[in-house]
Amino acid sequence: MAHKILIVDDEPNIVISLEFLLKKEGFEIAIAGDGDEALAQVAAFNPDLVLLDVMMPKKSGYEVCEILRLDPERAKLLILMLTAKGRDTEVAKGLAIGADAYMTKPFSTKELIAKVKSLLGVA
Amino acid sequence: MLSSWFVALLSAAYFALLFAVARFGDARADSGRSIISANVYALSLAVYCTSWTFFGSVGRATTGGLSFLTTYLGPTLMLLAAGVIIKMIRISKTYRITSIADFIASRYGKSQSLAGLVTVIAVVGVVPYIALQLKAIAASLDVLFAGSGHAEFFWGLDSAFLIVIVLALFTILFGTRHLDATERHEGMVAAIAVESVVKLVAFVAVGLFVTYGIFGGFSDLFAKAAASPELAQLLRPDPARAGNWTALLLLSALAIILLPRQFQIIVVENVDESHYRRAVWLFPLYLLLINLFVLPLAIGGLLDFNGQNVNPDTFVLTLPLAHGANALALLAFMGGLSAATGMIIVETIALSTMVCNDLAMPWLLRSRWLRTVRRQDLSGLLIGIRRAAIALILVLGYIYFRAAGEAYALVSIGLISQAAVAQFAPALFGGMYWKQGTQAGAVAGLSAGFAVWLYTLLLPSFAKSGWIGQEFVERGLFGWSWLQPQALFGLSGLDEITHCLWWSLLANIAAYLVVSLLTRPDAVAASQAERFVDIFRHSRVDADTRLWRGKTSSAALVGLLERFLGAARANQQLAAHAQARGLADWRELPADAAFVHFAEAELAGAIGSASARVMVASVAQEDDLGLEEVLDILDEATQVRAYSRELEMKQQALEAATAELRSANDRLRELDKMKDDFISTVTHELRTPLTSIRALSEMLHEDPEIEAADRTRFLSIIVNEAERLTRLINQILDMAKLESGRAEWATSEFDFGQLAREAMDSLYQLFREKNVALDYDVPEHGPLVLADRDRLMQVMINLLSNAVKFVAGDDGRVVVKVSAADGLARMAVTDNGPGLTAEECSVVFEKFRQGGNTMTDKPQGTGLGLPISRQIVEYFGGNLGVESQPGQGASFFFTVPLLAPEQ
Amino acid sequence: MRRANPVRQKLTALGLLGMPLLTYPLLALPEGHLADIPASYLYLFAVWAGLIALAALVAEQRGAK
């Protein structure tokens with residue numbers, strides 16, 4: 001069974017590229033455009049991994065991450081944070097609040113796929 | 001007729017009350033809860049008002065009119081010289097000074113001879129004054145018992161002597177509780193304050209009775225007086241007596257601090273300097289109240305006893321008695337008793353301290369007997385001496401009272417006493433403010449003044465009393481008429497007090513100044529001069545430790561303290577000193593200068609500064625600092641002070657600079673943070689389009705198999721994002737240029753309305769594509785403005801494109817309005833879009849704050865359009881703003897100044 | 001003493017003001033009677049009371065030292 005990935009980003013063009021990229025790798029994809037939608041989609045779609053943008057309207061990626069980490073039923077949910085803000089403090093903050101991995105934009109598509117696969121444990 | 005037993009009982013009850021108050025005051029002081037408040041302090045100052053005030057003022061008023069008031073106006077003015085008195089208090093507290101003799105002697109090198117001289121003057125001048133108080137009590141008893149002769153005997157003793165015994169008991173009990181005379185007598189002070197209240201109440205009661213009971217009030221009294229030529233004369237101020245008036249004013253001004261009892265109360269018994277703030281007005285108020293009825297009483301008595309031979313000094317008693325107000329007369333008697341006893345108690349304490357420390361101690365320290373009992377505890381002996389001195393002074397006063405009787409020398413002693421203590425003034429005030437005053441100068445001044453006083457005032461008063469021949473008074477000494485005591489060098493026309501005061505002060509001041517200028521102080525005197533004059537500047541330890549050099553042992557100093565203070569008290573004080581220096585045990589105290597000075601100050605409190613110095617010198621091998629060396633040290637100290645002041649100023653400047661730097665640094669840090677945030681935001685904005693570009697290009701590059709439709713779609717995204725990136729970079733550069741002031745401006749005169757039309761034309765296509773209605777209200781011509789045409793076009797296009805971006809397609813509507821008012825051209829772009837919240841209105845002009853918030857209507861703006869527009873508009877002196885409410889659409893507007901005011 | 005104490009200075013100024021007011025020749029100035037009370041008596045006590053009131057005002061003001 002294919003792993004399910006939720007893409008959360010407010011930039012439509014980034015969503016388009018990520019969706020295309022991950023679908024091609026055989027993942028099942030859902031999309032959310034802001035923090036609130038992301039939480040709704042997590043509940044509805046029940047993904048294995050969330051690709052989470054930080055700078056978003058309504059709720060930031062940090063807030064979404066914190067909320068998800070409070071839910072014990074989603075302890076196994078993997079969170080890969082993506083941000084265009086590349087400062088060390090932001091990386092540290094993301095990991096501190098429970099993200100499993102962190103990548104800065106713009107990212108290499110190969111590295112992103114490799115990171116997603118290694119998180120999901122697929123060869 | 002009053003029963004003598006009843007009066008005796010009442011007096012006894014009154015004394016019992018005083019004992020109780022004093023007991024209570026001491027108990028409270030011992031438990032650390034002093035009852036000496038500012039009010040008690042101020043009231044205790046009224047010990048100034050003796051029986052001479054209580055009975056004598058009325059008598060003076062019957063002959064001198066208003067001139068009795070000088071005795072109370074002088075103190076009022078003197079107390080206002082608060083700086084002088086606070087300085088005296090500060091010096092005395094710092095150096096544990098116990099009496100006025102100690103004060104003067106300490107200033108001039110802790111001189112025993114000077115202390116002795118001051119003590120002698122005080123005793124000679126003041127003991128008769130004590131006698132006068134006894135006489136007043138005896139006389140008032142006489143009046144009360146209708147002239148049965150003052151020998152009202154109980155157990156074979158006369159009443160005055162009984163009172164002496166009671167007062168001696170009181171004074172010994174409450175005046176010598178502690179050996180250390182700087183230890184305040186709070187119980188005694190409290191009792192004195194009570195006495196002050198009693199005498200004021202009594203006097204005012206009699207005054208009210210006479211003025212409103214016997215007569216019909218002030219107006220009636222004075223009207224009746226005006227009818228009598230003699231009385232009318234009395235009430236008229238006499239400019240011919242101007243000199244006397246001024247002299248008496250000066251005399252009382254000096255007396256209020258120089259009389260030993262006043263020095264005791266104001267300076268030695270002061271608990272807290274701040275209490276003086278109350279005394280400075282409350283005590284004069286007391287004086288005013290107690291004097292309000294003096295003249296009415298005097299006039300009332302003269303009118304009432306018209307022609308009868310009644311002593312005006314007794315009006316306070318005789319007027320109530322004559323009108324049958326026996327209870328009031330009794331109250332007046334109690335008032336007089338309290339006035340007299342208060343004076344006697346405090347004066348005796350003050351004098352006994354001086355006699356003990358400045359006459360008995362120096363003699364004792366020299367005696368062979370003391371050396372033989374070297375190791376013995378002397379504190380008991382000291383207390384014994386002080387008690388004996390109290391008894392002696394009281395007995396002296398009693399004997400003088402007995403011997404003098406009705407003699408002139410006693411009756412007029414009030415002012416004579418004041419004139420005697422006025423001799424202290426030059427040495428005292430000179431010593432506080434003039435460093436050059438020397439011990440020899442002080443001795444010369446005091447001696448000269450005292451001699452003149454003896455010759456021009458005391459001896460003539462003896463002569464008038466018939467104790468010595470009148471010869472020299474009438475003809476002058478040796479028959480030389482220019483030596484007539486009361487017309488010295490032919491100076492006549494003044495009353496005797498004024499005459500004495502001018503001559504004695506002249507001799508005193510002249511001798512003090514001349515001899516001071518001709519002599520040099522010794523080392524101790526020079527350092528004491530420095531300490532006294534600059535008391536507010538020195539920290540005491542500083543001066544003390546610098547001005548003493550020598551060797552001693554702690555054991556010797558401790559031995560000295562134990563000997564004179566008693567072991568218990570010495571240990572207590574030593575422990576306190578050690579604690580102040582941060583040592584747990586006083587046995588660890590090093591025998592250094594600070595310890596020596598502590599020991600000397602403790603001893604000074606007990607035996608006076610002069611004797612204390614002698615004693616300390618006996619156990620310490622002090623290096624004899626020469627005068628030059630002391631002056632060098634003092635000079636150095638002055639320099640150090642100057643340096644430290646300079647240093648302090650520099651430090652303040654430094655602190656100010658540091659604060660400035662800190663705030664500049666804070667501002668910089670704030671700016672740095674803003675810049676950091678800005679760069680982070682810019683980075684984010686740049687990376688976002690780059691992310692799509694990179695991801696899509698990599699996918700296209702690596703996967704040639706992508707379908708053609710996807711390929712085209714991706715390429716068009718890449719192109720769009722690249723455009724967005726370019727726009728962003730351009731605007732960032734534009735913004736940077738505007739912000740740094742390096743933008744280039746092409747200013748010209750143009751038609752603002754015309755420009756608006758051009759802007760609308762250029763965006764016409766955009767509106768049509770989105771099917772948004774564009775209405776406008778723009779005048780045909782004008783208004784004219786002076787600005788950069790292209791830049792304003794940029795602003796207009798920004799506003800218009802924002803508007804079209806945010807309105808919904810199809811039913812979207814944008815209205816442009818150009819107008820001119822108040823010297824400004826104005827363009828408003830109003831849309832019917834979603835509108836902005838108040839919060840959004842305030843942040844929409846910040847960089848990278850884009851409107852819109854959902855993925856679907858995410859604008860393709862850079863977040864820099866409005867900030868750039870605002871920069872441009874503000875450059876030309878205009879304003880860019882927005883009016884909006886959520887759901888109501890938004891109206892962005894901007895203004896620029898008109899070229900010229902409209903016609 | 002860095003700066004002269006302002007309260008003490010004000011009090012001293014009051015004393016200096018009192019001196020000419022309470023001595024001749026100003027003392028001879030008030031003449032006649034007011035409600036039969038001699039003007040000089042009223043003058044002396046009025047000036048005296050005035051000085052006391054001002055001194056109280058100065059000395060008791062908050063924060064005075």
# chains A, B, ... in the order shown; residues from 1 in each chain; ligands from 1
call {"tool": "select_by_dssp", "arguments": {"residues": "chain C", "states": "alpha helix (DSSP H)", "output": "ChimeraX atom specification"}}
result
/C:6-21,39-59
call {"tool": "interface_residues", "arguments": {"of": "chain B", "to": "chain C", "cutoff": "6 Å", "atoms": "only C-alpha atoms", "output": "PyMOL selection string"}}
result
chain B and resi 77+80-83+219+222-223+237+242+277+281+536-537
call {"tool": "interface_residues", "arguments": {"of": "chain A", "to": "chain B", "cutoff": "10 Å", "atoms": "only C-alpha atoms", "output": "count of residues only"}}
result
32
call {"tool": "residues_around", "arguments": {"residues": "stretch 385-400 of chain B", "least_positions_apart": "4", "cutoff": "10 Å", "atoms": "only C-alpha atoms", "output": "VMD selection string"}}
result
chain B and resid 123 126 to 135 160 to 161 164 to 165 167 to 169 171 to 173 175 to 176 179 344 to 345 347 to 357 360 to 361 379 to 381 404 to 405 410
call {"tool": "residues_around", "arguments": {"residues": "stretch 413-424 of chain B", "least_positions_apart": "3", "cutoff": "8 Å", "atoms": "only C-alpha atoms", "output": "NGL selection string"}}
result
:B and (52 or 118 or 121-122 or 125-126 or 128-129 or 132 or 251-252 or 254-255 or 258-259 or 409-410 or 427-428 or 446 or 449-450 or 453 or 457-458 or 497 or 500-501 or 504-505 or 508)
call {"tool": "residues_around", "arguments": {"residues": "stretch 15-21 of chain B", "least_positions_apart": "5", "cutoff": "9 Å", "atoms": "only C-alpha atoms", "output": "ChimeraX atom specification"}}
result
/B:10,26,166-167,170,174,187-188,190-192,194-195
call {"tool": "write_last_selection", "arguments": {"atoms": "C-alpha atoms", "output": "PDB file, in the first residue's frame"}}
result
ATOM      1  CA  LEU B  10      -0.759  70.309  95.401  1.00  0.00           C
ATOM      2  CA  ASP B  26      13.304  57.082  80.690  1.00  0.00           C
ATOM      3  CA  VAL B 166      13.020  68.032  95.744  1.00  0.00           C
ATOM      4  CA  LEU B 167      14.675  69.514  92.665  1.00  0.00           C
ATOM      5  CA  PHE B 170      14.817  65.040  90.638  1.00  0.00           C
ATOM      6  CA  PHE B 174      16.949  61.943  85.992  1.00  0.00           C
ATOM      7  CA  GLY B 187      12.686  61.530  80.898  1.00  0.00           C
ATOM      8  CA  MET B 188      13.886  64.933  82.013  1.00  0.00           C
ATOM      9  CA  ALA B 190       9.603  64.982  78.669  1.00  0.00           C
ATOM     10  CA  ALA B 191       9.026  66.445  82.127  1.00  0.00           C
ATOM     11  CA  ILE B 192      10.231  69.844  80.903  1.00  0.00           C
ATOM     12  CA  VAL B 194       4.987  68.984  80.411  1.00  0.00           C
ATOM     13  CA  GLU B 195       6.082  71.942  82.491  1.00  0.00           C
TER      14      GLU B 195
END
call {"tool": "residues_around", "arguments": {"residues": "stretch 511-513 of chain B", "least_positions_apart": "6", "cutoff": "7 Å", "atoms": "only C-alpha atoms", "output": "ChimeraX atom specification"}}
result
/B:441-442,444-445,448
call {"tool": "atom_distance", "arguments": {"atom1": "atom CA of B:Pro867", "atom2": "atom CA of B:Thr726"}}
result
18.0 Å
call {"tool": "atom_distance", "arguments": {"atom1": "atom CA of A:Val42", "atom2": "atom CA of A:Leu82"}}
result
17.1 Å
call {"tool": "atom_distance", "arguments": {"atom1": "atom CA of A:Glu37", "atom2": "atom CA of A:Leu80"}}
result
17.1 Å
